[in-house]
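Step one of this worksheet: look at the structure below.
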Amino acid sequence: MDSTVTLPPDYRPSDKEEYMNDMQLEYFRQKLLSWKKSLIGQSMDTLDDLKQGGLNQPDQIDRASLESDKALELRTRDRARKLISKIDEALKRIEDGTYGYCEETGDPIGLERLEVRPVATLSIEAQERHERMEKTYDDEV
């Protein structure tokens, strides 16, 4: 991909242009990088909060509530860590030219789906097939 692409500030991918052209790839690259930066910033805030402690609350109820809040925050950050990994994988797909195409069928994933879920690796049809198979498997277990 040509990294010298400059997007107009109001650019939005359109079905009227060639699918996954340089402009669209740059648009999604910037979207993914911005999302990653936001997640990393939130993680830093969490680390700062955890370093400040606060578990020396004299009241057991306050302490229990604080511990519960911190546990929830850590689970949220763990999900963010996994999402950052998916973002990194999507950025690699942009670089190797496979971004925007279903890893199962090779068909285009579609701009609308990528706009909502830029880390998507499956077309809606393939995703629905996977979910039906998982449900069938879960029902049998």
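Following the order of the structure tokens, chains are lettered A, B, ..., residues in each are numbered from 1, and ligands are numbered from 1.
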Could you give me, as an MDAnalysis selection string, the residues within 9 Å of Ile40 (chain A), counting only C-alpha atoms and dropping anything in the same chain fewer than 4 positions from it? chainID A and resid 35:36 44:45 80:81 84
With N, CA and C atoms retained, export the selected residues as a tab-separated table (two decimals), in the first residue's frame.
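Generated output (again.tsv):
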chain	number	residue	atom	x	y	z
A	35	TRP	N	-8.15	4.09	17.07
A	35	TRP	CA	-8.81	3.21	18.04
A	35	TRP	C	-7.78	2.61	18.98
A	36	LYS	N	-6.66	2.16	18.42
A	36	LYS	CA	-5.59	1.58	19.24
A	36	LYS	C	-5.03	2.62	20.22
A	44	MET	N	-3.54	3.12	30.17
A	44	MET	CA	-2.62	3.92	31.00
A	44	MET	C	-3.37	4.54	32.18
A	45	ASP	N	-4.58	5.03	31.91
A	45	ASP	CA	-5.40	5.59	32.99
A	45	ASP	C	-5.69	4.53	34.06
A	80	ALA	N	-9.58	-5.05	26.29
A	80	ALA	CA	-8.93	-4.03	25.46
A	80	ALA	C	-7.60	-4.56	24.92
A	81	ARG	N	-6.86	-5.29	25.73
A	81	ARG	CA	-5.58	-5.87	25.29
A	81	ARG	C	-5.81	-6.83	24.13
A	84	ILE	N	-6.62	-4.80	21.06
A	84	ILE	CA	-5.41	-4.20	20.49
A	84	ILE	C	-4.68	-5.22	19.62
Within 9 Å of Ser14 (chain A), counting only C-alpha atoms, which residues qualify if same-chain residues fewer than 3 places away don't, as a PyMOL selection string? chain A and resi 17-19+24+111
Selection file, C-alpha atoms, as a compact mmCIF listing (two decimals), in the first residue's frame:
# COMPACT_ATOMS: atom_id res chain seq x y z
CA GLU A 17 -15.16 3.52 -5.80
CA GLU A 18 -12.95 0.49 -6.29
CA TYR A 19 -13.14 -1.77 -3.23
CA GLN A 24 -10.08 3.13 1.63
CA LEU A 111 -17.61 -1.33 3.75
Between CA of Asp10 (chain A) and CA of Lys86 (chain A), what is the distance, to one decimal in Å?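 Computing it gives 26.2 Å between the two atoms.
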Check the smallest atom-to-atom distance from each of A:Gln60, A:Ser65, A:Ser123, A:Ser38 to Ile87 (chain A) using only C-alpha atoms, then report the winner.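 Nearest to Ile87 (chain A): A:Ser38.
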Neighbouring residues of Phe28 (chain A) were defined as those with any atom within 12 Å, considering only C-alpha atoms; residues of the same chain fewer than 6 positions away were excluded. Please report them as number ranges by chain. A: 7, 11-13, 20-22, 34-35, 87, 90-95, 99-100, 111-120
Once you have the residues from the selection above, write them out as a CSV table (one decimal), in the first residue's frame, restricted to C-alpha atoms.
chain,number,residue,atom,x,y,z
A,7,LEU,CA,-7.3,11.7,2.9
A,11,TYR,CA,-13.5,11.3,3.3
A,12,ARG,CA,-15.8,8.3,3.8
A,13,PRO,CA,-15.4,5.0,1.8
A,20,MET,CA,-10.1,-1.5,-0.9
A,21,ASN,CA,-8.3,1.1,-3.1
A,22,ASP,CA,-5.5,3.1,-1.5
A,34,SER,CA,-6.8,6.0,16.3
A,35,TRP,CA,-8.8,3.2,18.0
A,87,ILE,CA,-6.2,-4.2,15.6
A,90,ALA,CA,-5.9,-5.9,10.9
A,91,LEU,CA,-3.1,-3.4,10.4
A,92,LYS,CA,-0.9,-6.3,9.1
A,93,ARG,CA,-3.7,-7.3,6.7
A,94,ILE,CA,-3.7,-3.8,5.4
A,95,GLU,CA,0.0,-4.0,4.7
A,99,TYR,CA,-7.6,-6.4,4.6
A,100,GLY,CA,-11.3,-6.2,3.8
A,111,LEU,CA,-17.6,-1.3,3.8
A,112,GLU,CA,-20.6,-1.1,6.1
A,113,ARG,CA,-19.4,-4.1,8.2
A,114,LEU,CA,-15.8,-2.8,8.3
A,115,GLU,CA,-17.1,0.7,9.3
A,116,VAL,CA,-18.8,-0.9,12.3
A,117,ARG,CA,-16.2,-3.6,13.0
A,118,PRO,CA,-12.9,-2.6,11.4
A,119,VAL,CA,-11.2,-5.7,12.8
A,120,ALA,CA,-13.7,-8.1,11.1
Counting only C-alpha atoms, which residue out of A:Thr121, A:Thr6, A:Glu89, A:Lys70 sits closest to Gln30 (chain A)?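 That would be A:Thr6, the residue with the smallest distance to Gln30 (chain A).
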Between CA of Thr76 (chain A) and CA of Ser43 (chain A), what is the distance, to one decimal in Å? 9.2 Å
